[in-house]
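The structure appears right after this line, and notes come after that.
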Amino acid sequence: MFIRVVRDLSEGEEVCVTYIEVLDMYEVPIKKLKKRNFECHCPLCDFERAQPEERHCRAELFDEFTQPEIQIGNVGMMPRLKIIMDEFRKTHLSTGAITSTRSRLGKKNITASGVATKMAPPALQPHQHPIGLVRTLSAFAELNTCLGRINQAVQALLEVFEYLPCSAGINLTRVDLALLIGKMYGKLKRFDEVERWKKVARSEFRKPFGEVEELWLEYVDNCNSC
């Protein structure tokens, strides 16, 4: 196997590759990974695996979101899209901690009284929980932009940025999003925020590419021409 890198690597630095699209719903990457004969135990997969009922509900909501009448950018679907997002968020609400010794993930907990209870999901960083909202929020932001509701669009994009994990395959998405947020703030004449989000984008770009100024300027130029 040959790997081409665009920056210097430190001795012993781990080189990773992702086999999946991390923004897909749980069932999609799991099927792909099974074909490669391994099971993912990253925090997000463990979280989803521990919540079968909520996971099923999220999958149904995502299926509804992918229906053509919503995907074509029909502003008349805005109320339904908001309901989908609200219902999706509800599936991530905490049900309260269970104060007992935990067995292996996915099994039942046995409390001191011997009563079997549902295990609490493993703790995750807040931005990892509702990653399935990324695409719905992006659509929501696009519809608001079409309607000239720039403030609402910006708020949706800020939420997307919070949820996007800093992981392989996502860094450039975070760069693009930071640049887009900066442009949206420009429409609001919030030039302090424009400069701040340019710096955020540059910082995100450094993560995979390092201090390669020519590459960064070329990337920004390509984004501006789109």
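Residue names in the structure tokens use chain letters A, B, ... in the order shown, residue numbers from 1 in each chain, and ligand numbers from 1 in the order shown.
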
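The list of residues with at least one atom within 12 Å of A:Gly76, based on only C-alpha atoms and without residues fewer than 6 positions apart in the same chain, reads Glu69, Ile70, Lys82, Phe140, Leu143, Asn144, Cys146 and Leu147 of chain A.
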
Write the residues of the selection above to a file with N, CA, C and O atoms, as a short mmCIF file (atom, residue, chain, number, x, y, z; two decimals), in the first residue's frame.
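Saved as part_28.cif:
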```cif
data_model
loop_
_atom_site.label_atom_id
_atom_site.label_comp_id
_atom_site.auth_asym_id
_atom_site.auth_seq_id
_atom_site.Cartn_x
_atom_site.Cartn_y
_atom_site.Cartn_z
N GLU A 69 -40.05 15.49 -2.16
CA GLU A 69 -40.72 16.79 -1.97
C GLU A 69 -39.95 17.70 -1.01
O GLU A 69 -40.09 18.92 -1.06
N ILE A 70 -39.16 17.11 -0.13
CA ILE A 70 -38.33 17.91 0.76
C ILE A 70 -36.98 18.21 0.11
O ILE A 70 -36.46 19.32 0.20
N LYS A 82 -39.04 21.42 10.04
CA LYS A 82 -38.83 21.82 11.42
C LYS A 82 -39.33 20.75 12.38
O LYS A 82 -38.69 20.46 13.40
N PHE A 140 -32.38 23.09 5.93
CA PHE A 140 -33.12 24.16 6.60
C PHE A 140 -32.44 25.51 6.36
O PHE A 140 -33.10 26.51 6.08
N LEU A 143 -33.05 26.62 2.72
CA LEU A 143 -34.40 27.15 2.51
C LEU A 143 -34.53 28.55 3.09
O LEU A 143 -35.14 29.44 2.48
N ASN A 144 -33.96 28.76 4.27
CA ASN A 144 -34.01 30.09 4.88
C ASN A 144 -33.25 31.12 4.05
O ASN A 144 -33.66 32.27 3.94
N CYS A 146 -32.93 31.01 0.80
CA CYS A 146 -33.80 31.30 -0.35
C CYS A 146 -34.89 32.31 0.02
O CYS A 146 -35.31 33.11 -0.82
N LEU A 147 -35.33 32.26 1.27
CA LEU A 147 -36.38 33.16 1.73
C LEU A 147 -35.83 34.48 2.25
O LEU A 147 -36.59 35.34 2.70
#
```

Test item: residues at most 9 Å from A:Trp216, only C-alpha atoms, excluding those fewer than 5 positions along its chain, as a list in words: Arg202, Phe205, Arg206, Phe209, Glu211 and Asp221 of chain A

Written file, previous selection with N, CA and C atoms, as an mmCIF file, in the first residue's frame:
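Generated file (result-v2.cif):
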```
data_model
loop_
_atom_site.group_PDB
_atom_site.id
_atom_site.type_symbol
_atom_site.label_atom_id
_atom_site.label_comp_id
_atom_site.auth_asym_id
_atom_site.auth_seq_id
_atom_site.Cartn_x
_atom_site.Cartn_y
_atom_site.Cartn_z
ATOM 1 N N ARG A 202 -9.232 28.729 8.362
ATOM 2 C CA ARG A 202 -7.782 28.522 8.198
ATOM 3 C C ARG A 202 -7.268 27.519 9.222
ATOM 4 N N PHE A 205 -8.244 24.087 8.181
ATOM 5 C CA PHE A 205 -7.467 23.658 7.019
ATOM 6 C C PHE A 205 -6.088 23.154 7.437
ATOM 7 N N ARG A 206 -5.541 23.743 8.491
ATOM 8 C CA ARG A 206 -4.211 23.336 8.958
ATOM 9 C C ARG A 206 -4.196 21.897 9.467
ATOM 10 N N PHE A 209 -3.625 19.642 6.436
ATOM 11 C CA PHE A 209 -2.637 20.084 5.448
ATOM 12 C C PHE A 209 -1.446 20.838 6.025
ATOM 13 N N GLU A 211 0.874 23.953 7.511
ATOM 14 C CA GLU A 211 1.113 25.338 7.089
ATOM 15 C C GLU A 211 1.570 25.381 5.632
ATOM 16 N N ASP A 221 -9.457 30.408 -3.187
ATOM 17 C CA ASP A 221 -9.765 30.962 -4.505
ATOM 18 C C ASP A 221 -10.772 30.083 -5.239
#
```

As a PyMOL selection string, please: the residues near A:Thr136 (cut-off 12 Å, only C-alpha atoms, same-chain neighbours under 6 positions excluded). chain A and resi 23+58+61-67+70-71+73+77-78+80-89+130+142-143+156-157+159-160

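Rounded to one decimal, atom CA of A:Leu179 and atom CA of A:Ala141 lie 14.7 Å from each other.
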
For atom CA of A:Pro165 and atom CA of A:Leu44, quote the distance in Å rounded to one decimal.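 Distance reported for this atom pair: 10.2 Å.
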
Nearest to A:Ala59: which of A:Val220, A:Cys45, A:Cys40, A:Met25 is it, counting only C-alpha atoms?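 Of the candidates, the smallest distance to A:Ala59 is held by A:Met25.
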
Quick one: pull the distance between atom CA of A:Glu195 and atom CA of A:Tyr163, Å, one decimal. 21.9 Å
